[in-house]
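What's in protein.csv: CSV, C-alpha atoms and all ligand atoms
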```csv
chain,number,residue,atom,x,y,z
M,9,MET,CA,-15.1,-35.5,-26.6
M,10,LYS,CA,-15.0,-36.9,-23.0
M,11,ASN,CA,-17.1,-36.6,-19.8
M,12,THR,CA,-20.4,-35.6,-21.7
M,13,PRO,CA,-23.7,-37.4,-21.5
M,14,ALA,CA,-24.0,-40.4,-23.8
M,15,ILE,CA,-27.3,-41.3,-25.6
M,16,ILE,CA,-28.1,-44.8,-27.0
M,17,GLY,CA,-31.1,-45.9,-29.0
M,18,ALA,CA,-31.6,-49.3,-30.6
M,19,MET,CA,-33.1,-48.3,-33.9
M,20,ASP,CA,-32.8,-45.5,-36.5
M,21,SER,CA,-36.3,-44.3,-35.5
M,22,GLU,CA,-35.1,-43.9,-31.9
M,23,ILE,CA,-32.1,-41.6,-32.7
M,24,SER,CA,-33.0,-40.0,-36.0
M,25,MET,CA,-34.6,-36.9,-34.5
M,26,TYR,CA,-31.5,-36.2,-32.4
M,27,LEU,CA,-29.3,-36.2,-35.5
M,28,GLU,CA,-31.8,-34.1,-37.4
M,29,HIS,CA,-31.7,-31.4,-34.8
M,30,ALA,CA,-28.1,-31.6,-33.6
M,31,ARG,CA,-24.9,-30.0,-34.9
M,32,ILE,CA,-22.7,-33.0,-35.7
M,33,ILE,CA,-19.2,-32.2,-34.6
M,34,ASN,CA,-17.4,-35.4,-35.4
M,35,GLN,CA,-18.2,-39.1,-36.1
M,36,HIS,CA,-16.3,-42.3,-35.5
M,37,GLN,CA,-16.9,-45.6,-37.2
M,38,TRP,CA,-16.3,-48.9,-35.3
M,39,ASN,CA,-17.4,-52.0,-37.3
M,40,LYS,CA,-21.1,-51.3,-38.1
M,41,ILE,CA,-21.5,-48.7,-35.4
M,42,THR,CA,-21.3,-45.0,-35.9
M,43,PHE,CA,-20.6,-42.8,-32.8
M,44,TYR,CA,-21.7,-39.2,-33.4
M,45,GLU,CA,-20.3,-36.4,-31.3
M,46,ILE,CA,-23.0,-33.8,-31.3
M,47,GLU,CA,-24.2,-30.6,-29.8
M,48,LEU,CA,-27.9,-30.5,-29.0
M,49,ASP,CA,-29.2,-27.1,-27.9
M,50,GLY,CA,-25.6,-26.2,-26.9
M,51,GLN,CA,-25.1,-29.4,-24.9
M,52,PRO,CA,-22.3,-31.6,-26.1
M,53,CYS,CA,-23.0,-35.3,-26.1
M,54,VAL,CA,-22.3,-38.5,-27.9
M,55,ILE,CA,-25.0,-40.6,-29.5
M,56,CYS,CA,-25.2,-43.9,-31.3
M,57,LYS,CA,-27.5,-46.7,-32.5
M,58,SER,CA,-26.8,-50.0,-30.9
M,59,GLY,CA,-29.1,-52.3,-32.8
M,60,VAL,CA,-31.8,-54.4,-31.1
M,61,GLY,CA,-31.3,-56.8,-28.2
M,62,LYS,CA,-29.2,-57.3,-25.1
M,63,VAL,CA,-25.9,-58.4,-26.8
M,64,LEU,CA,-25.6,-55.5,-29.1
M,65,ALA,CA,-26.7,-53.0,-26.5
M,66,ALA,CA,-24.1,-54.3,-24.0
M,67,MET,CA,-21.4,-54.4,-26.6
M,68,VAL,CA,-22.0,-50.9,-27.9
M,69,CYS,CA,-22.4,-49.4,-24.5
M,70,GLN,CA,-19.1,-50.8,-23.3
M,71,LYS,CA,-17.3,-49.6,-26.5
M,72,LEU,CA,-18.9,-46.2,-26.1
M,73,ILE,CA,-17.7,-46.0,-22.5
M,74,ASP,CA,-14.2,-47.0,-23.5
M,75,LEU,CA,-14.0,-44.5,-26.3
M,76,TYR,CA,-15.7,-41.5,-24.7
M,77,GLU,CA,-15.7,-41.9,-20.9
M,78,PRO,CA,-19.2,-40.3,-20.7
M,79,SER,CA,-20.6,-38.7,-17.5
M,80,CYS,CA,-23.8,-40.8,-17.8
M,81,ILE,CA,-25.7,-43.1,-20.1
M,82,ILE,CA,-29.3,-42.3,-21.2
M,83,PHE,CA,-31.2,-44.8,-23.3
M,84,THR,CA,-33.9,-43.4,-25.5
M,85,GLY,CA,-36.6,-45.4,-27.3
M,86,VAL,CA,-39.9,-47.2,-27.2
M,87,ALA,CA,-41.4,-50.1,-25.2
M,88,GLY,CA,-44.4,-52.3,-24.8
M,89,ALA,CA,-46.6,-51.5,-21.8
M,90,LEU,CA,-47.3,-54.1,-19.1
M,91,ASN,CA,-48.9,-51.7,-16.6
M,92,ASP,CA,-52.6,-51.1,-17.5
M,93,LYS,CA,-52.3,-47.5,-16.5
M,94,LEU,CA,-50.0,-46.8,-19.5
M,95,ASP,CA,-51.3,-45.6,-22.8
M,96,ILE,CA,-49.6,-45.4,-26.1
M,97,GLY,CA,-47.5,-42.3,-26.2
M,98,ASP,CA,-46.9,-42.2,-22.4
M,99,VAL,CA,-43.3,-42.2,-21.2
M,100,ILE,CA,-41.8,-44.6,-18.6
M,101,ILE,CA,-38.7,-43.4,-16.8
M,102,SER,CA,-36.7,-46.3,-15.3
M,103,LYS,CA,-36.8,-46.6,-11.5
M,104,ASP,CA,-34.9,-49.8,-12.2
M,105,CYS,CA,-34.4,-52.6,-14.6
M,106,ILE,CA,-34.4,-56.4,-14.6
M,107,GLN,CA,-33.5,-59.0,-17.3
M,108,HIS,CA,-36.7,-60.9,-17.3
M,109,ASP,CA,-35.4,-63.8,-19.4
M,110,ILE,CA,-32.3,-64.8,-17.4
M,111,ASP,CA,-33.4,-67.9,-15.6
M,112,GLY,CA,-31.2,-70.0,-13.3
M,113,ARG,CA,-34.0,-71.4,-11.2
M,114,ALA,CA,-32.8,-74.9,-11.9
M,115,LEU,CA,-29.6,-74.0,-10.1
M,116,GLY,CA,-31.4,-72.3,-7.2
M,117,PHE,CA,-31.2,-68.7,-8.4
M,118,GLU,CA,-34.3,-66.5,-8.5
M,119,ARG,CA,-35.5,-65.7,-12.0
M,120,GLY,CA,-34.0,-62.4,-13.2
M,121,THR,CA,-30.8,-62.8,-11.1
M,122,LEU,CA,-27.4,-62.9,-12.7
M,123,LEU,CA,-26.3,-66.5,-12.0
M,124,PHE,CA,-23.7,-66.9,-9.2
M,125,SER,CA,-24.4,-63.4,-8.0
M,126,ASN,CA,-27.1,-61.7,-6.1
M,127,GLN,CA,-27.6,-59.0,-8.7
M,128,LYS,CA,-31.2,-58.7,-10.1
M,129,ILE,CA,-32.5,-55.2,-9.8
M,130,PHE,CA,-30.4,-52.5,-11.4
M,131,THR,CA,-31.3,-49.1,-10.0
M,132,ALA,CA,-31.3,-46.0,-12.2
M,133,ASP,CA,-29.6,-42.8,-11.1
M,134,LYS,CA,-32.0,-40.9,-8.8
M,135,LYS,CA,-31.0,-37.4,-10.1
M,136,LEU,CA,-31.4,-38.4,-13.8
M,137,VAL,CA,-34.8,-39.9,-12.9
M,138,SER,CA,-35.9,-36.8,-11.1
M,139,LEU,CA,-34.8,-34.5,-14.0
M,140,ALA,CA,-36.7,-36.8,-16.4
M,141,LEU,CA,-39.8,-36.8,-14.3
M,142,ALA,CA,-39.8,-33.0,-14.1
M,143,ALA,CA,-39.9,-32.8,-17.9
M,144,LYS,CA,-43.1,-32.4,-19.9
M,145,VAL,CA,-44.5,-34.0,-23.0
M,146,ASP,CA,-47.6,-32.6,-24.7
M,147,GLY,CA,-50.7,-34.6,-24.2
M,148,HIS,CA,-49.0,-37.6,-22.5
M,149,LYS,CA,-48.1,-38.8,-19.0
M,150,LEU,CA,-44.8,-39.6,-17.5
M,151,TYR,CA,-44.4,-42.6,-15.1
M,152,GLU,CA,-41.5,-43.8,-13.0
M,153,GLY,CA,-41.5,-47.6,-13.3
M,154,ARG,CA,-39.7,-50.9,-13.7
M,155,VAL,CA,-38.3,-51.8,-17.1
M,156,LEU,CA,-38.1,-55.5,-18.0
M,157,THR,CA,-35.6,-56.5,-20.7
M,158,GLY,CA,-35.3,-59.6,-22.8
M,159,ASP,CA,-34.4,-60.9,-26.2
M,160,GLN,CA,-38.0,-61.3,-27.4
M,161,PHE,CA,-40.5,-59.0,-29.0
M,162,PHE,CA,-43.4,-59.6,-26.6
M,163,THR,CA,-46.9,-60.0,-27.9
M,164,HIS,CA,-48.9,-62.0,-25.3
M,165,SER,CA,-49.2,-60.3,-22.0
M,166,ASP,CA,-52.4,-62.2,-21.3
M,167,ILE,CA,-50.8,-65.7,-21.5
M,168,GLU,CA,-50.6,-67.4,-18.1
M,169,SER,CA,-47.0,-68.6,-18.6
M,170,HIS,CA,-45.9,-64.9,-18.8
M,171,ALA,CA,-48.0,-63.6,-15.9
M,172,TYR,CA,-44.8,-63.5,-13.8
M,173,LEU,CA,-43.7,-60.4,-15.7
M,174,LYS,CA,-46.4,-58.4,-14.0
M,175,THR,CA,-46.8,-60.4,-10.7
M,176,GLU,CA,-43.4,-61.8,-9.7
M,177,MET,CA,-41.4,-59.1,-11.5
M,178,GLN,CA,-43.7,-56.2,-11.1
M,179,GLY,CA,-42.8,-54.9,-14.6
M,180,ASP,CA,-44.3,-51.7,-16.0
M,181,CYS,CA,-42.9,-52.0,-19.5
M,182,ILE,CA,-41.0,-54.5,-21.6
M,183,GLU,CA,-38.3,-53.9,-24.1
M,184,MET,CA,-35.0,-55.4,-25.4
M,185,GLU,CA,-32.0,-53.4,-24.3
M,186,GLY,CA,-32.5,-51.4,-21.0
M,187,ALA,CA,-31.3,-53.9,-18.4
M,188,ALA,CA,-28.2,-54.7,-20.6
M,189,ILE,CA,-27.3,-51.0,-20.5
M,190,ALA,CA,-28.0,-51.0,-16.8
M,191,VAL,CA,-25.6,-53.9,-16.2
M,192,VAL,CA,-22.8,-52.3,-18.2
M,193,ALA,CA,-23.3,-48.9,-16.8
M,194,SER,CA,-23.3,-50.3,-13.2
M,195,GLU,CA,-20.1,-52.4,-13.9
M,196,ASN,CA,-18.5,-49.1,-15.0
M,197,LYS,CA,-19.9,-47.2,-12.0
M,198,LEU,CA,-21.7,-44.9,-14.4
M,199,PRO,CA,-25.2,-43.3,-13.7
M,200,PHE,CA,-27.9,-44.3,-16.2
M,201,VAL,CA,-31.5,-43.8,-16.9
M,202,ILE,CA,-33.8,-45.5,-19.5
M,203,VAL,CA,-36.5,-43.3,-21.2
M,204,ARG,CA,-39.1,-45.4,-23.0
M,205,THR,CA,-42.3,-44.3,-24.8
M,206,VAL,CA,-45.1,-46.8,-25.0
M,207,SER,CA,-45.5,-48.0,-28.6
M,208,ASP,CA,-47.8,-50.9,-27.9
M,209,LYS,CA,-49.4,-52.9,-25.0
M,210,ALA,CA,-47.3,-56.0,-25.5
M,211,ASP,CA,-50.5,-57.9,-26.4
M,212,GLY,CA,-52.0,-59.5,-29.5
M,213,SER,CA,-51.9,-56.3,-31.5
M,214,ALA,CA,-48.4,-55.3,-30.3
M,215,ALA,CA,-46.6,-56.0,-33.6
M,216,GLU,CA,-49.2,-54.1,-35.6
M,217,ASP,CA,-49.2,-51.1,-33.2
M,218,PHE,CA,-45.4,-51.1,-33.0
M,219,ASN,CA,-45.0,-51.1,-36.8
M,220,ARG,CA,-47.6,-48.3,-37.2
M,221,ILE,CA,-46.4,-46.0,-34.5
M,222,HIS,CA,-42.9,-46.6,-33.1
M,223,HIS,CA,-41.2,-43.9,-35.3
M,224,LEU,CA,-43.8,-41.3,-34.2
M,225,VAL,CA,-43.9,-42.0,-30.4
M,226,ALA,CA,-40.1,-42.3,-30.2
M,227,GLY,CA,-40.3,-38.4,-30.4
M,228,ASN,CA,-41.7,-38.3,-26.9
M,229,SER,CA,-38.6,-39.9,-25.4
M,230,TYR,CA,-36.5,-37.4,-27.4
M,231,ALA,CA,-38.6,-34.6,-25.9
M,232,ILE,CA,-37.8,-35.8,-22.4
M,233,VAL,CA,-34.1,-36.5,-23.0
M,234,LYS,CA,-33.7,-33.0,-24.5
M,235,GLN,CA,-35.1,-31.5,-21.3
M,236,ILE,CA,-32.7,-33.7,-19.2
M,237,LEU,CA,-29.8,-32.5,-21.3
M,238,SER,CA,-30.8,-28.9,-20.9
M,239,GLN,CA,-31.0,-29.2,-17.1
M,240,LEU,CA,-27.6,-30.9,-17.1
M,241,LYS,CA,-26.2,-28.0,-19.1
M,242,THR,CA,-27.6,-25.3,-16.8
M,243,GLU,CA,-26.9,-26.9,-13.5
M,244,PRO,CA,-24.3,-29.7,-13.8
M,245,VAL,CA,-25.2,-32.2,-11.1
M,246,ASP,CA,-23.2,-34.7,-9.1
M,247,LEU,CA,-24.6,-38.0,-10.5
M,248,GLN,CA,-24.3,-41.0,-8.2
M,249,CYS,CA,-24.1,-44.5,-9.4
M,250,GLU,CA,-26.3,-46.8,-7.3
M,251,LEU,CA,-25.1,-50.2,-6.6
M,252,SER,CA,-27.5,-52.9,-7.8
M,253,GLU,CA,-29.5,-54.9,-5.2
T,301,LIG,N1,-40.4,-52.7,-27.7
T,301,LIG,C1,-41.5,-52.1,-28.1
T,301,LIG,N2,-42.5,-52.9,-27.9
T,301,LIG,C2,-42.0,-54.1,-27.4
T,301,LIG,C3,-42.6,-55.4,-27.1
T,301,LIG,N3,-43.9,-55.6,-27.2
T,301,LIG,N4,-41.7,-56.3,-26.7
T,301,LIG,C4,-40.4,-56.1,-26.6
T,301,LIG,N5,-39.8,-55.0,-26.9
T,301,LIG,C5,-40.6,-53.9,-27.3
```

Encoded form using structure tokens:
Amino acid sequence: MKNTPAIIGAMDSEISMYLEHARIINQHQWNKITFYEIELDGQPCVICKSGVGKVLAAMVCQKLIDLYEPSCIIFTGVAGALNDKLDIGDVIISKDCIQHDIDGRALGFERGTLLFSNQKIFTADKKLVSLALAAKVDGHKLYEGRVLTGDQFFTHSDIESHAYLKTEMQGDCIEMEGAAIAVVASENKLPFVIVRTVSDKADGSAAEDFNRIHHLVAGNSYAIVKQILSQLKTEPVDLQCELSE
């Protein structure tokens, strides 16, 4: 299966509903990763679980690209909210992504910038973003926003040392894979979008909220991604890969 959309989630709870509702056409095992070739509402696509964090996300994304040469990459999952406008269950569609924990300031690079490059902000595909924003999810709002990514489950948005996430970096939500996917997709000149439902507010009760609810709210990202796929099926679009700033 080549040239279809590819979907990646980090955890079982982020991809289980796709597998429950899809027709599984084929599956391919690579180490611990299973790549599923599926048909969802008549739209062929490939889906897999990467595992949590930037390293696994990047590794699996590149392997998926090498195996399936997808038309675009869609990440589906949950995130902690940084923007006070966001409530649990609301969905953030990535305008762009930054790795918040890459820090070469000692060498003169702005925080978030890939060292020895000027790459910091990775812009999502505008058409995928607009298809996502045109979708609906019952009882919840959709926002276009900035996704911050790092290898920490974040539980202290109020702490001064991390105020930069909201001030300097202008983050709307925080998670652990999106910018890694963005870097790999961009290197491969592939369009991408990150679709994240708020599972917690990245604060003192984040761990409790996340554990209680992540498997339920992940369904909102699924609802949005299904609507993107159905649009791509009915009117195949010319997706453009944006170069990062
Ligand atoms: N994913 C969901 N909630 C998160 C948080 N608070 N920090 C990092 N990743 C998350």

Looking at all atoms listed in the file, which of M:His164, M:Arg154, M:Lys197, M:His148 is the one that sits closest to Ala215 of chain M?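 Among M:His164, M:Arg154, M:Lys197, M:His148, it is M:His164 that comes nearest to Ala215 of chain M.
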
When the cut-off is 8 Å and you count only C-alpha atoms and all ligand atoms, which residues lie near ligand LIG 301 (chain T), shown as a list in words?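 Residues lying within 8 Å of ligand LIG 301 (chain T): Val86, Ala87, Gly88, Ala89, Thr157, Gly158, Asp159, Gln160, Phe161, Phe162, Thr163, Ile182, Glu183, Met184, Val206, Ser207, Asp208, Lys209, Ala210, Asp211, Ala214, Ala215, Phe218 and His222 of chain M.
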
Please dump the current selection as an mmCIF file, in the coordinates of the input; keep C-alpha atoms.
```
data_model
loop_
_atom_site.group_PDB
_atom_site.id
_atom_site.type_symbol
_atom_site.label_atom_id
_atom_site.label_comp_id
_atom_site.auth_asym_id
_atom_site.auth_seq_id
_atom_site.Cartn_x
_atom_site.Cartn_y
_atom_site.Cartn_z
ATOM 1 C CA VAL M 86 -39.900 -47.200 -27.200
ATOM 2 C CA ALA M 87 -41.400 -50.100 -25.200
ATOM 3 C CA GLY M 88 -44.400 -52.300 -24.800
ATOM 4 C CA ALA M 89 -46.600 -51.500 -21.800
ATOM 5 C CA THR M 157 -35.600 -56.500 -20.700
ATOM 6 C CA GLY M 158 -35.300 -59.600 -22.800
ATOM 7 C CA ASP M 159 -34.400 -60.900 -26.200
ATOM 8 C CA GLN M 160 -38.000 -61.300 -27.400
ATOM 9 C CA PHE M 161 -40.500 -59.000 -29.000
ATOM 10 C CA PHE M 162 -43.400 -59.600 -26.600
ATOM 11 C CA THR M 163 -46.900 -60.000 -27.900
ATOM 12 C CA ILE M 182 -41.000 -54.500 -21.600
ATOM 13 C CA GLU M 183 -38.300 -53.900 -24.100
ATOM 14 C CA MET M 184 -35.000 -55.400 -25.400
ATOM 15 C CA VAL M 206 -45.100 -46.800 -25.000
ATOM 16 C CA SER M 207 -45.500 -48.000 -28.600
ATOM 17 C CA ASP M 208 -47.800 -50.900 -27.900
ATOM 18 C CA LYS M 209 -49.400 -52.900 -25.000
ATOM 19 C CA ALA M 210 -47.300 -56.000 -25.500
ATOM 20 C CA ASP M 211 -50.500 -57.900 -26.400
ATOM 21 C CA ALA M 214 -48.400 -55.300 -30.300
ATOM 22 C CA ALA M 215 -46.600 -56.000 -33.600
ATOM 23 C CA PHE M 218 -45.400 -51.100 -33.000
ATOM 24 C CA HIS M 222 -42.900 -46.600 -33.100
#
```

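Checking M:Val145, M:Ser138, M:Leu72, M:Val60 one by one against Gln37 of chain M, counting all atoms listed in the file, you find the shortest gap at M:Leu72.
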
Sphere at (-20.0, -42.6, -14.8), radius 6 Å, counting only C-alpha atoms: residues as an NGL selection string: :M and (79-80 or 197-199)

Out of M:Ser21, M:Gln107, M:Ser213, M:Asn91, which residue has the shortest atom-to-atom distance to Gly59 of chain M when counting all atoms listed in the file?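 Closest to Gly59 of chain M of all the choices is M:Ser21.
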
M:Gly61, M:Gly116, M:Gly179, M:Pro13 ranked by distance to Lys234 of chain M, top pick (using only C-alpha atoms):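 Using only C-alpha atoms, the shortest distance to Lys234 of chain M belongs to M:Pro13.
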
Using only C-alpha atoms for the distances, tell me which of M:Ala143, M:Ile110, M:Cys105, M:Ala188 is nearest to Val63 of chain M. M:Ala188

Rank M:Glu185, M:Glu47, M:Asp109, M:Glu22 by their smallest atom-to-atom distance to Ser229 of chain M, using all atoms listed in the file, and report the top residue only.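 Among the listed residues, the smallest separation from Ser229 of chain M belongs to M:Glu22.
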
Residue contacts of Ala14 of chain M (9 Å, only C-alpha atoms) excluding same-chain residues fewer than 2 positions away, as a PyMOL selection string: chain M and resi 11-12+16+53-56+72-73+76-83

With C-alpha atoms retained, could you export that selection as a tab-separated table (two decimals), keeping the file's coordinate frame?
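This went into selection_32.tsv:
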```tsv
chain	number	residue	atom	x	y	z
M	11	ASN	CA	-17.10	-36.60	-19.80
M	12	THR	CA	-20.40	-35.60	-21.70
M	16	ILE	CA	-28.10	-44.80	-27.00
M	53	CYS	CA	-23.00	-35.30	-26.10
M	54	VAL	CA	-22.30	-38.50	-27.90
M	55	ILE	CA	-25.00	-40.60	-29.50
M	56	CYS	CA	-25.20	-43.90	-31.30
M	72	LEU	CA	-18.90	-46.20	-26.10
M	73	ILE	CA	-17.70	-46.00	-22.50
M	76	TYR	CA	-15.70	-41.50	-24.70
M	77	GLU	CA	-15.70	-41.90	-20.90
M	78	PRO	CA	-19.20	-40.30	-20.70
M	79	SER	CA	-20.60	-38.70	-17.50
M	80	CYS	CA	-23.80	-40.80	-17.80
M	81	ILE	CA	-25.70	-43.10	-20.10
M	82	ILE	CA	-29.30	-42.30	-21.20
M	83	PHE	CA	-31.20	-44.80	-23.30
```

Hey, can you check how far atom CA of Gln235 of chain M sits from atom CA of Ala140 of chain M?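 A separation of 7.4 Å between them.
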
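Residues lying within 12 Å of (-29.2, -63.0, -6.7). Counted over only C-alpha atoms, they are Ile106, Ile110, Asp111, Gly112, Arg113, Leu115, Gly116, Phe117, Glu118, Arg119, Gly120, Thr121, Leu122, Leu123, Phe124, Ser125, Asn126, Gln127, Lys128, Ile129, Phe130, Ser252 and Glu253 of chain M.
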
Writer output for current selection, C-alpha atoms, as a PDB file, keeping the file's coordinate frame:
```pdb
ATOM      1  CA  ILE M 106     -34.400 -56.400 -14.600  1.00  0.00           C
ATOM      2  CA  ILE M 110     -32.300 -64.800 -17.400  1.00  0.00           C
ATOM      3  CA  ASP M 111     -33.400 -67.900 -15.600  1.00  0.00           C
ATOM      4  CA  GLY M 112     -31.200 -70.000 -13.300  1.00  0.00           C
ATOM      5  CA  ARG M 113     -34.000 -71.400 -11.200  1.00  0.00           C
ATOM      6  CA  LEU M 115     -29.600 -74.000 -10.100  1.00  0.00           C
ATOM      7  CA  GLY M 116     -31.400 -72.300  -7.200  1.00  0.00           C
ATOM      8  CA  PHE M 117     -31.200 -68.700  -8.400  1.00  0.00           C
ATOM      9  CA  GLU M 118     -34.300 -66.500  -8.500  1.00  0.00           C
ATOM     10  CA  ARG M 119     -35.500 -65.700 -12.000  1.00  0.00           C
ATOM     11  CA  GLY M 120     -34.000 -62.400 -13.200  1.00  0.00           C
ATOM     12  CA  THR M 121     -30.800 -62.800 -11.100  1.00  0.00           C
ATOM     13  CA  LEU M 122     -27.400 -62.900 -12.700  1.00  0.00           C
ATOM     14  CA  LEU M 123     -26.300 -66.500 -12.000  1.00  0.00           C
ATOM     15  CA  PHE M 124     -23.700 -66.900  -9.200  1.00  0.00           C
ATOM     16  CA  SER M 125     -24.400 -63.400  -8.000  1.00  0.00           C
ATOM     17  CA  ASN M 126     -27.100 -61.700  -6.100  1.00  0.00           C
ATOM     18  CA  GLN M 127     -27.600 -59.000  -8.700  1.00  0.00           C
ATOM     19  CA  LYS M 128     -31.200 -58.700 -10.100  1.00  0.00           C
ATOM     20  CA  ILE M 129     -32.500 -55.200  -9.800  1.00  0.00           C
ATOM     21  CA  PHE M 130     -30.400 -52.500 -11.400  1.00  0.00           C
ATOM     22  CA  SER M 252     -27.500 -52.900  -7.800  1.00  0.00           C
ATOM     23  CA  GLU M 253     -29.500 -54.900  -5.200  1.00  0.00           C
TER      24      GLU M 253
END
```

Expressed in Å to a single decimal, how great is the separation between atom CA of Arg204 of chain M and atom CA of Ile232 of chain M?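 Atom-to-atom, atom CA of Arg204 of chain M to atom CA of Ile232 of chain M, that is 9.7 Å.
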
What is the atom CA of Lys134 of chain M to atom CA of Gly17 of chain M distance in Å?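 Taking atom CA of Lys134 of chain M as the start and atom CA of Gly17 of chain M as the end point, the length is 20.8 Å.
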
Contact residues around Val225 of chain M with all atoms listed in the file at 7 Å, ignoring same-chain residues under 2 positions, as JSON, numbers by chain: {"M": [97, 205, 207, 221, 222, 223, 227, 228]}
